[in-house]
Structures are given as C-alpha cells and as structure tokens.
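input-v6.cif, holding mmCIF, C-alpha atoms and all ligand atoms; chains and numbers go by the auth columns:
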data_target
loop_
_atom_site.group_PDB
_atom_site.id
_atom_site.type_symbol
_atom_site.label_atom_id
_atom_site.label_comp_id
_atom_site.label_asym_id
_atom_site.label_seq_id
_atom_site.Cartn_x
_atom_site.Cartn_y
_atom_site.Cartn_z
_atom_site.B_iso_or_equiv
_atom_site.auth_seq_id
_atom_site.auth_asym_id
ATOM 1 C CA MET A 1 -130.379 37.183 -41.163 0.00 1 A
ATOM 2 C CA VAL A 2 -133.623 35.312 -41.540 0.00 2 A
ATOM 3 C CA LYS A 3 -136.283 36.223 -39.072 0.00 3 A
ATOM 4 C CA ALA A 4 -138.075 33.148 -37.852 0.00 4 A
ATOM 5 C CA MET A 5 -141.815 33.044 -38.019 0.00 5 A
ATOM 6 C CA PRO A 6 -142.868 33.833 -34.474 0.00 6 A
ATOM 7 C CA LEU A 7 -144.848 31.057 -32.896 0.00 7 A
ATOM 8 C CA ASP A 8 -147.672 31.805 -30.526 0.00 8 A
ATOM 9 C CA LYS A 9 -151.105 30.459 -29.831 0.00 9 A
ATOM 10 C CA ASN A 10 -152.449 32.319 -32.874 0.00 10 A
ATOM 11 C CA THR A 11 -150.005 30.650 -35.271 0.00 11 A
ATOM 12 C CA ARG A 12 -151.960 28.832 -37.906 0.00 12 A
ATOM 13 C CA LEU A 13 -151.213 25.139 -38.173 0.00 13 A
ATOM 14 C CA ALA A 14 -151.551 25.506 -41.942 0.00 14 A
ATOM 15 C CA ASP A 15 -148.417 27.701 -41.911 0.00 15 A
ATOM 16 C CA LEU A 16 -146.295 24.899 -40.442 0.00 16 A
ATOM 17 C CA MET A 17 -144.350 22.679 -42.809 0.00 17 A
ATOM 18 C CA TYR A 18 -145.745 19.248 -43.490 0.00 18 A
ATOM 19 C CA GLY A 19 -143.034 16.855 -42.363 0.00 19 A
ATOM 20 C CA HIS A 20 -143.294 14.236 -45.069 0.00 20 A
ATOM 21 C CA ASN A 21 -142.163 14.204 -48.654 0.00 21 A
ATOM 22 C CA GLY A 22 -144.701 14.089 -51.447 0.00 22 A
ATOM 23 C CA GLU A 23 -148.449 14.308 -51.313 0.00 23 A
ATOM 24 C CA PHE A 24 -150.491 14.957 -48.219 0.00 24 A
ATOM 25 C CA HIS A 25 -151.536 11.835 -46.349 0.00 25 A
ATOM 26 C CA CYS A 26 -153.412 11.583 -43.097 0.00 26 A
ATOM 27 C CA HIS A 27 -153.909 8.104 -41.726 0.00 27 A
ATOM 28 C CA LEU A 28 -156.254 9.109 -38.940 0.00 28 A
ATOM 29 C CA SER A 29 -159.957 9.725 -39.198 0.00 29 A
ATOM 30 C CA GLY A 30 -162.577 11.316 -37.020 0.00 30 A
ATOM 31 C CA ARG A 31 -162.100 14.283 -34.751 0.00 31 A
ATOM 32 C CA PHE A 32 -158.879 15.204 -32.964 0.00 32 A
ATOM 33 C CA ASP A 33 -159.294 14.114 -29.366 0.00 33 A
ATOM 34 C CA PRO A 34 -156.227 14.939 -27.242 0.00 34 A
ATOM 35 C CA ASP A 35 -157.159 12.277 -24.700 0.00 35 A
ATOM 36 C CA LYS A 36 -157.028 9.637 -27.403 0.00 36 A
ATOM 37 C CA TYR A 37 -153.340 10.220 -28.027 0.00 37 A
ATOM 38 C CA THR A 38 -151.965 10.292 -24.505 0.00 38 A
ATOM 39 C CA ARG A 39 -149.527 7.503 -25.315 0.00 39 A
ATOM 40 C CA SER A 40 -148.281 9.087 -28.533 0.00 40 A
ATOM 41 C CA PRO A 41 -145.145 11.195 -28.427 0.00 41 A
ATOM 42 C CA PRO A 42 -145.764 14.939 -28.313 0.00 42 A
ATOM 43 C CA ILE A 43 -146.230 16.813 -31.554 0.00 43 A
ATOM 44 C CA GLN A 44 -142.691 17.938 -32.278 0.00 44 A
ATOM 45 C CA ILE A 45 -142.241 21.184 -34.182 0.00 45 A
ATOM 46 C CA CYS A 46 -138.711 22.060 -35.273 0.00 46 A
ATOM 47 C CA GLU A 47 -137.296 25.356 -36.444 0.00 47 A
ATOM 48 C CA MET A 48 -135.619 25.264 -39.864 0.00 48 A
ATOM 49 C CA GLU A 49 -132.611 27.338 -40.837 0.00 49 A
ATOM 50 C CA CYS A 50 -134.737 29.525 -43.095 0.00 50 A
ATOM 51 C CA GLY A 51 -137.086 30.387 -40.249 0.00 51 A
ATOM 52 C CA CYS A 52 -139.943 28.038 -41.120 0.00 52 A
ATOM 53 C CA TRP A 53 -141.188 25.442 -38.628 0.00 53 A
ATOM 54 C CA ILE A 54 -141.613 21.815 -39.601 0.00 54 A
ATOM 55 C CA VAL A 55 -143.662 19.115 -37.915 0.00 55 A
ATOM 56 C CA ALA A 56 -141.141 16.346 -37.274 0.00 56 A
ATOM 57 C CA ASP A 57 -143.572 14.146 -35.385 0.00 57 A
ATOM 58 C CA GLY A 58 -147.344 14.412 -35.306 0.00 58 A
ATOM 59 C CA ASN A 59 -148.170 15.159 -38.939 0.00 59 A
ATOM 60 C CA ASN A 60 -151.213 12.893 -38.807 0.00 60 A
ATOM 61 C CA ARG A 61 -152.628 14.655 -35.785 0.00 61 A
ATOM 62 C CA VAL A 62 -152.030 18.096 -37.272 0.00 62 A
ATOM 63 C CA GLY A 63 -153.585 16.907 -40.546 0.00 63 A
ATOM 64 C CA LEU A 64 -156.608 15.588 -38.670 0.00 64 A
ATOM 65 C CA ILE A 65 -157.208 18.974 -37.088 0.00 65 A
ATOM 66 C CA LEU A 66 -156.717 20.850 -40.368 0.00 66 A
ATOM 67 C CA ARG A 67 -159.087 18.649 -42.324 0.00 67 A
ATOM 68 C CA ARG A 68 -161.873 19.777 -40.010 0.00 68 A
ATOM 69 C CA ASN A 69 -160.697 23.323 -39.539 0.00 69 A
ATOM 70 C CA PRO A 70 -158.205 24.778 -42.054 0.00 70 A
ATOM 71 C CA GLU A 71 -157.919 27.878 -39.865 0.00 71 A
ATOM 72 C CA ALA A 72 -156.940 25.983 -36.707 0.00 72 A
ATOM 73 C CA THR A 73 -154.128 27.451 -34.601 0.00 73 A
ATOM 74 C CA LEU A 74 -151.625 26.163 -32.069 0.00 74 A
ATOM 75 C CA ALA A 75 -154.239 26.975 -29.426 0.00 75 A
ATOM 76 C CA ASP A 76 -156.242 23.997 -30.729 0.00 76 A
ATOM 77 C CA ILE A 77 -153.549 21.650 -29.400 0.00 77 A
ATOM 78 C CA PRO A 78 -153.069 21.353 -25.647 0.00 78 A
ATOM 79 C CA GLY A 79 -149.658 22.707 -24.649 0.00 79 A
ATOM 80 C CA ARG A 80 -148.702 19.442 -22.966 0.00 80 A
ATOM 81 C CA LEU A 81 -148.817 17.768 -26.393 0.00 81 A
ATOM 82 C CA LEU A 82 -146.458 20.278 -28.018 0.00 82 A
ATOM 83 C CA VAL A 83 -142.679 20.336 -28.093 0.00 83 A
ATOM 84 C CA PHE A 84 -140.722 23.037 -29.917 0.00 84 A
ATOM 85 C CA THR A 85 -137.138 22.523 -30.942 0.00 85 A
ATOM 86 C CA GLY A 86 -134.896 25.336 -32.125 0.00 86 A
ATOM 87 C CA ILE A 87 -132.214 25.358 -34.790 0.00 87 A
ATOM 88 C CA GLY A 88 -129.205 23.299 -33.790 0.00 88 A
ATOM 89 C CA GLU A 89 -131.142 21.237 -31.278 0.00 89 A
ATOM 90 C CA TRP A 90 -132.140 18.698 -33.875 0.00 90 A
ATOM 91 C CA ASP A 91 -130.589 16.980 -36.827 0.00 91 A
ATOM 92 C CA ASP A 92 -131.024 19.179 -39.895 0.00 92 A
ATOM 93 C CA ASP A 93 -129.188 16.690 -42.110 0.00 93 A
ATOM 94 C CA THR A 94 -131.491 13.834 -41.246 0.00 94 A
ATOM 95 C CA MET A 95 -134.527 15.973 -41.909 0.00 95 A
ATOM 96 C CA GLY A 96 -133.014 17.253 -45.150 0.00 96 A
ATOM 97 C CA TRP A 97 -132.481 13.713 -46.311 0.00 97 A
ATOM 98 C CA TRP A 98 -135.871 12.514 -45.164 0.00 98 A
ATOM 99 C CA ASN A 99 -137.819 15.488 -46.375 0.00 99 A
ATOM 100 C CA PRO A 100 -135.794 17.604 -48.801 0.00 100 A
ATOM 101 C CA SER A 101 -138.542 19.981 -49.887 0.00 101 A
ATOM 102 C CA PRO A 102 -140.894 20.823 -47.045 0.00 102 A
ATOM 103 C CA LYS A 103 -144.072 22.592 -48.034 0.00 103 A
ATOM 104 C CA SER A 104 -146.638 24.127 -45.718 0.00 104 A
ATOM 105 C CA PHE A 105 -149.698 22.139 -44.768 0.00 105 A
ATOM 106 C CA ARG A 106 -151.592 24.876 -46.591 0.00 106 A
ATOM 107 C CA ASP A 107 -149.812 24.143 -49.875 0.00 107 A
ATOM 108 C CA VAL A 108 -149.632 20.416 -49.583 0.00 108 A
ATOM 109 C CA MET A 109 -153.317 20.093 -48.710 0.00 109 A
ATOM 110 C CA ARG A 110 -154.286 22.420 -51.517 0.00 110 A
ATOM 111 C CA LYS A 111 -152.432 20.224 -53.976 0.00 111 A
ATOM 112 C CA ARG A 112 -154.220 17.126 -52.837 0.00 112 A
ATOM 113 C CA PRO A 113 -154.905 15.096 -55.966 0.00 113 A
ATOM 114 C CA LYS A 114 -158.453 14.692 -57.132 0.00 114 A
ATOM 115 C CA THR A 115 -159.825 11.249 -56.569 0.00 115 A
ATOM 116 C CA ARG A 116 -160.531 9.472 -59.797 0.00 116 A
ATOM 117 C CA THR A 117 -163.967 7.972 -59.876 0.00 117 A
ATOM 118 C CA ASP A 118 -163.694 6.133 -63.167 0.00 118 A
ATOM 119 C CA HIS A 119 -162.212 2.678 -63.277 0.00 119 A
ATOM 120 C CA GLY A 120 -159.166 2.983 -65.441 0.00 120 A
ATOM 121 C CA ILE A 121 -156.202 0.635 -65.402 0.00 121 A
ATOM 122 C CA VAL A 122 -153.943 1.743 -62.566 0.00 122 A
ATOM 123 C CA VAL A 123 -150.284 1.819 -63.556 0.00 123 A
ATOM 124 C CA HIS A 124 -147.598 2.568 -60.969 0.00 124 A
ATOM 125 C CA GLY A 125 -144.280 4.164 -61.753 0.00 125 A
ATOM 126 C CA MET A 126 -141.764 6.670 -60.529 0.00 126 A
ATOM 127 C CA ILE A 127 -140.714 10.197 -61.292 0.00 127 A
ATOM 128 C CA GLU A 128 -137.590 12.098 -60.368 0.00 128 A
ATOM 129 C CA ARG A 129 -135.993 15.459 -60.866 0.00 129 A
ATOM 130 C CA CYS A 130 -132.683 15.173 -62.691 0.00 130 A
ATOM 131 C CA ASP A 131 -129.566 17.210 -61.987 0.00 131 A
ATOM 132 C CA ASP A 132 -130.232 19.420 -65.014 0.00 132 A
ATOM 133 C CA GLY A 133 -133.669 20.359 -63.672 0.00 133 A
ATOM 134 C CA SER A 134 -135.646 18.254 -66.134 0.00 134 A
ATOM 135 C CA PHE A 135 -137.923 15.430 -65.038 0.00 135 A
ATOM 136 C CA PHE A 136 -137.744 11.724 -65.766 0.00 136 A
ATOM 137 C CA ALA A 137 -140.703 9.404 -65.352 0.00 137 A
ATOM 138 C CA CYS A 138 -140.958 5.689 -66.002 0.00 138 A
ATOM 139 C CA VAL A 139 -142.937 2.541 -65.423 0.00 139 A
ATOM 140 C CA VAL A 140 -141.505 -0.961 -65.390 0.00 140 A
ATOM 141 C CA GLY A 141 -143.358 -4.156 -66.072 0.00 141 A
ATOM 142 C CA GLY A 142 -144.836 -3.793 -69.516 0.00 142 A
ATOM 143 C CA LYS A 143 -144.367 -6.446 -72.149 0.00 143 A
ATOM 144 C CA ALA A 144 -141.383 -8.661 -71.242 0.00 144 A
ATOM 145 C CA ASN A 145 -140.838 -6.531 -68.171 0.00 145 A
ATOM 146 C CA SER A 146 -139.708 -3.681 -70.339 0.00 146 A
ATOM 147 C CA SER A 147 -139.673 -0.158 -69.077 0.00 147 A
ATOM 148 C CA ILE A 148 -141.360 2.835 -70.622 0.00 148 A
ATOM 149 C CA SER A 149 -139.975 6.235 -69.835 0.00 149 A
ATOM 150 C CA ALA A 150 -140.395 9.865 -70.734 0.00 150 A
ATOM 151 C CA ARG A 151 -138.766 13.185 -69.988 0.00 151 A
ATOM 152 C CA GLY A 152 -140.200 16.640 -69.591 0.00 152 A
ATOM 153 C CA ALA A 153 -139.277 20.182 -68.646 0.00 153 A
ATOM 154 C CA THR A 154 -141.816 20.026 -65.820 0.00 154 A
ATOM 155 C CA ALA A 155 -143.081 17.122 -63.739 0.00 155 A
ATOM 156 C CA ASN A 156 -146.469 17.461 -65.415 0.00 156 A
ATOM 157 C CA ASP A 157 -144.902 17.370 -68.887 0.00 157 A
ATOM 158 C CA ALA A 158 -142.993 14.214 -68.064 0.00 158 A
ATOM 159 C CA LYS A 159 -146.079 12.583 -66.621 0.00 159 A
ATOM 160 C CA ALA A 160 -148.227 13.521 -69.634 0.00 160 A
ATOM 161 C CA ALA A 161 -145.615 12.210 -72.064 0.00 161 A
ATOM 162 C CA LEU A 162 -145.323 8.962 -70.125 0.00 162 A
ATOM 163 C CA GLU A 163 -149.089 8.624 -69.988 0.00 163 A
ATOM 164 C CA GLY A 164 -149.212 8.867 -73.779 0.00 164 A
ATOM 165 C CA ARG A 165 -146.578 6.165 -74.211 0.00 165 A
ATOM 166 C CA VAL A 166 -148.104 3.790 -71.694 0.00 166 A
ATOM 167 C CA ALA A 167 -151.534 4.334 -73.247 0.00 167 A
ATOM 168 C CA SER A 168 -150.253 3.419 -76.676 0.00 168 A
ATOM 169 C CA GLU A 169 -148.376 0.397 -75.279 0.00 169 A
ATOM 170 C CA LEU A 170 -151.529 -0.849 -73.553 0.00 170 A
ATOM 171 C CA GLY A 171 -153.819 0.193 -76.384 0.00 171 A
ATOM 172 C CA THR A 172 -156.137 2.143 -74.113 0.00 172 A
ATOM 173 C CA THR A 173 -156.472 5.689 -72.898 0.00 173 A
ATOM 174 C CA ASN A 174 -158.431 4.567 -69.867 0.00 174 A
ATOM 175 C CA LEU A 175 -155.550 4.527 -67.427 0.00 175 A
ATOM 176 C CA VAL A 176 -154.563 6.131 -64.167 0.00 176 A
ATOM 177 C CA LEU A 177 -150.853 6.754 -63.770 0.00 177 A
ATOM 178 C CA VAL A 178 -149.687 6.813 -60.159 0.00 178 A
ATOM 179 C CA LEU A 179 -146.108 8.067 -59.893 0.00 179 A
ATOM 180 C CA THR A 180 -144.002 7.932 -56.746 0.00 180 A
ATOM 181 C CA SER A 181 -141.442 10.721 -56.472 0.00 181 A
ATOM 182 C CA MET A 182 -137.942 9.403 -55.940 0.00 182 A
ATOM 183 C CA ASN A 183 -136.553 12.739 -54.873 0.00 183 A
ATOM 184 C CA ALA A 184 -137.758 16.253 -54.238 0.00 184 A
ATOM 185 C CA LEU A 185 -139.629 17.470 -57.303 0.00 185 A
ATOM 186 C CA GLU A 186 -139.612 21.012 -55.981 0.00 186 A
ATOM 187 C CA ASP A 187 -137.492 23.072 -53.636 0.00 187 A
ATOM 188 C CA HIS A 188 -138.608 23.967 -50.177 0.00 188 A
ATOM 189 C CA GLN A 189 -141.130 26.771 -50.402 0.00 189 A
ATOM 190 C CA CYS A 190 -140.692 29.179 -47.537 0.00 190 A
ATOM 191 C CA ILE A 191 -143.792 30.804 -46.276 0.00 191 A
ATOM 192 C CA SER A 192 -143.638 34.558 -46.135 0.00 192 A
ATOM 193 C CA HIS A 193 -142.484 35.279 -42.614 0.00 193 A
ATOM 194 C CA ASP A 194 -143.595 38.880 -42.797 0.00 194 A
ATOM 195 C CA GLY A 195 -146.916 38.452 -44.485 0.00 195 A
ATOM 196 C CA TYR A 196 -148.194 35.208 -43.103 0.00 196 A
ATOM 197 C CA SER A 197 -150.858 36.877 -41.018 0.00 197 A
ATOM 198 C CA THR A 198 -152.560 38.167 -44.153 0.00 198 A
ATOM 199 C CA TRP A 199 -153.150 34.633 -45.346 0.00 199 A
ATOM 200 C CA LYS A 200 -156.077 34.198 -43.033 0.00 200 A
ATOM 201 C CA HIS A 201 -158.214 36.049 -45.546 0.00 201 A
ATOM 202 C CA GLN A 202 -157.781 33.312 -48.094 0.00 202 A
ATOM 203 C CA SER A 203 -160.518 30.786 -48.453 0.00 203 A
ATOM 204 C CA PRO A 204 -160.220 27.459 -46.655 0.00 204 A
ATOM 205 C CA VAL A 205 -157.880 25.004 -48.299 0.00 205 A
ATOM 206 C CA VAL A 206 -159.693 21.725 -48.215 0.00 206 A
ATOM 207 C CA ALA A 207 -163.419 21.452 -47.912 0.00 207 A
ATOM 208 C CA ASN A 208 -165.224 18.171 -47.607 0.00 208 A
ATOM 209 C CA ALA A 209 -162.130 16.252 -48.570 0.00 209 A
ATOM 210 C CA GLU A 210 -163.049 13.294 -46.403 0.00 210 A
ATOM 211 C CA SER A 211 -163.273 10.191 -48.426 0.00 211 A
HETATM 212 ZN ZN ZN B . -138.456 28.061 -45.187 0.00 301 B
#

Please express the file's structure as structure tokens.
Ligand SMILES: [Zn+2]
Amino acid sequence: MVKAMPLDKNTRLADLMYGHNGEFHCHLSGRFDPDKYTRSPPIQICEMECGCWIVADGNNRVGLILRRNPEATLADIPGRLLVFTGIGEWDDDTMGWWNPSPKSFRDVMRKRPKTRTDHGIVVHGMIERCDDGSFFACVVGGKANSSISARGATANDAKAALEGRVASELGTTNLVLVLTSMNALEDHQCISHDGYSTWKHQSPVVANAES
C-alpha cells in the first residue's frame, strides 16, 4: 500500500506535481498577492493513486511563488485559497489523459530550457514516444511541404538526429528546433514519499530565471 505524502503547512510546493504536460510555463509575473486572485478558483491539489499530489488548478500561482522562493511551503498560500481533493473524489482518467506524466515542480523547473540568445532560424516540429519506447521527431513544411523525420533511442537522440537533417536541408547549422511533445515522453516520476524532507538541503532550483 502506497503511503501518501503527508500534507501540512511545511509541505514544500516544489514537491507537488506540476499539473501540465511538458515544459514549465508560468504566465503570471510579479509577486504572488493573494488579494489579487480573489476571483480565481482556489488552488486545487489532488491526491494521486501513487500518493503524490498534483496541482489541478492554480499551477500559474504556484509557479509564481516558486520562482521567487523555491523553498516556499503550503504556509505561503492562505488556507482559504487551497482545496485538497483525495483519491476517488476527482477524475483520475481525465487527469491521466490531460497530463499523463506528472513531474514535481522541482523537476520541471529544473529542466527549464535555456533561453537561446542567438538568432537562429526557428523551426517548429513535434516529438513523440512510440509504443516500442523509441522516439520519433519530425518537422513539416520544408521544400514542397515535405516532412523531415528522425528516430532515436532517447528524446535527445531523436532531436539531435532531426536537427542534423533539418540543418542539411536548410543548408545552415544556425537553427533552433522547437519540438512539441505529442504524448508523454517520460513516465510519471514519483517523489520519494519517505525521503522528501531531506530534499530541503538541495540548492534552489531556479535562480534569476525571470526573463
Ligand atoms: Zn507519484
């Protein structure tokens, strides 16, 4: 039987699961001001079957707090803005479809991509994990609307291979490949429910990431 991560006012927000698929995005800026969001729905935190807790609603507000203070806890959010929902009280299937591989805010913010400062040609494409565990990446819209694709054993391999092909098609290496994931590239990564309190000794996740 999985023991759920106990939630209390000392629970680190970084240990909650980010409730969106893919890379970390926060569409709010400035400082978290509870009075500013009185008309927003409460921040809804749902218990997953494995014992992790996922932010179903309020990811932007949680992200806003964490960008300023990676060590923030539930105590940094007024209780009136928080709603907790246990297993069975919410739709696991919908969440599984919407967000098949939840990762903690800690992980997803750590993996935030570096901002490119050079001005390469930006090429958009997609990447997906295939049933056999390999990865398929492609871009459409080259010459005569052709598609260029590549496979790899890892997502990074597939992306690198595709980058090489697109570069040779375009005749330049000065390009920035932006790939949208079509499905979960990784499985859900449970946080350690026993050892999570030791994580506080790690260095802050994102410093000066404001852009
Ligand atoms: Zn989990």

- Message: Using only C-alpha atoms and all ligand atoms, which residues have at least one atom no more than 7 Å from ligand ZN 301 (chain B)? Output them as an MDAnalysis selection string.
- Response: chainID A and resid 48 50:52 188:191

Translate the PyMOL selection byres (((chain A and resi 25) around 8) and not hetatm), as applied to the file shown, into an explicit residue set as a PDB file with C-alpha atoms, keeping the file's coordinate frame.
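Result file out-v2.pdb:
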ATOM      1  CA  GLU A  23    -148.449  14.308 -51.313  1.00  0.00           C
ATOM      2  CA  PHE A  24    -150.491  14.957 -48.219  1.00  0.00           C
ATOM      3  CA  CYS A  26    -153.412  11.583 -43.097  1.00  0.00           C
ATOM      4  CA  HIS A  27    -153.909   8.104 -41.726  1.00  0.00           C
ATOM      5  CA  ASN A  60    -151.213  12.893 -38.807  1.00  0.00           C
ATOM      6  CA  GLY A  63    -153.585  16.907 -40.546  1.00  0.00           C
TER       7      GLY A  63
END

- Query: Nearest to A:Arg67 among A:Gly141, A:Leu13, A:Asp187, A:Ala160, with distances taken over only C-alpha atoms: which residue is it?
  - Reply: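 Among the listed residues, A:Leu13 lies closest to A:Arg67.
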
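Within 9 Å of the point (-140.4, 15.3, -46.0) in file coordinates, and counting only C-alpha atoms, lie the residues Met17, Tyr18, Gly19, His20, Asn21, Gly22, Ala56, Met95, Gly96, Trp97, Trp98, Asn99, Pro100, Ser101, Pro102, Lys103 and Ala184 of chain A.
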
- Task: Name the residues that the PyMOL selection byres (((chain A and resi 135) around 10) and not hetatm) picks from the file above, as a ChimeraX atom specification, using the file's chain letters and numbers.
- Result: /A:127-134,136-137,150-159,185

Atoms kept (C-alpha atoms) for selection, written as a PDB file, in the coordinates of the input:
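Here's the written file out-v1.pdb:
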ATOM      1  CA  ILE A 127    -140.714  10.197 -61.292  1.00  0.00           C
ATOM      2  CA  GLU A 128    -137.590  12.098 -60.368  1.00  0.00           C
ATOM      3  CA  ARG A 129    -135.993  15.459 -60.866  1.00  0.00           C
ATOM      4  CA  CYS A 130    -132.683  15.173 -62.691  1.00  0.00           C
ATOM      5  CA  ASP A 131    -129.566  17.210 -61.987  1.00  0.00           C
ATOM      6  CA  ASP A 132    -130.232  19.420 -65.014  1.00  0.00           C
ATOM      7  CA  GLY A 133    -133.669  20.359 -63.672  1.00  0.00           C
ATOM      8  CA  SER A 134    -135.646  18.254 -66.134  1.00  0.00           C
ATOM      9  CA  PHE A 136    -137.744  11.724 -65.766  1.00  0.00           C
ATOM     10  CA  ALA A 137    -140.703   9.404 -65.352  1.00  0.00           C
ATOM     11  CA  ALA A 150    -140.395   9.865 -70.734  1.00  0.00           C
ATOM     12  CA  ARG A 151    -138.766  13.185 -69.988  1.00  0.00           C
ATOM     13  CA  GLY A 152    -140.200  16.640 -69.591  1.00  0.00           C
ATOM     14  CA  ALA A 153    -139.277  20.182 -68.646  1.00  0.00           C
ATOM     15  CA  THR A 154    -141.816  20.026 -65.820  1.00  0.00           C
ATOM     16  CA  ALA A 155    -143.081  17.122 -63.739  1.00  0.00           C
ATOM     17  CA  ASN A 156    -146.469  17.461 -65.415  1.00  0.00           C
ATOM     18  CA  ASP A 157    -144.902  17.370 -68.887  1.00  0.00           C
ATOM     19  CA  ALA A 158    -142.993  14.214 -68.064  1.00  0.00           C
ATOM     20  CA  LYS A 159    -146.079  12.583 -66.621  1.00  0.00           C
ATOM     21  CA  LEU A 185    -139.629  17.470 -57.303  1.00  0.00           C
TER      22      LEU A 185
END

- Item | Pairwise distance for atom CA of A:Cys138 and atom CA of A:Leu179, rounded to one decimal in Å |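 Atom CA of A:Leu179 lies 8.3 Å from atom CA of A:Cys138.
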
- Item | Nearest residue to A:Asn183 from the set A:Val139, A:Met126, A:Ala14, A:Leu64 (distances using only C-alpha atoms) |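 So, comparing all the options, the nearest one is A:Met126.
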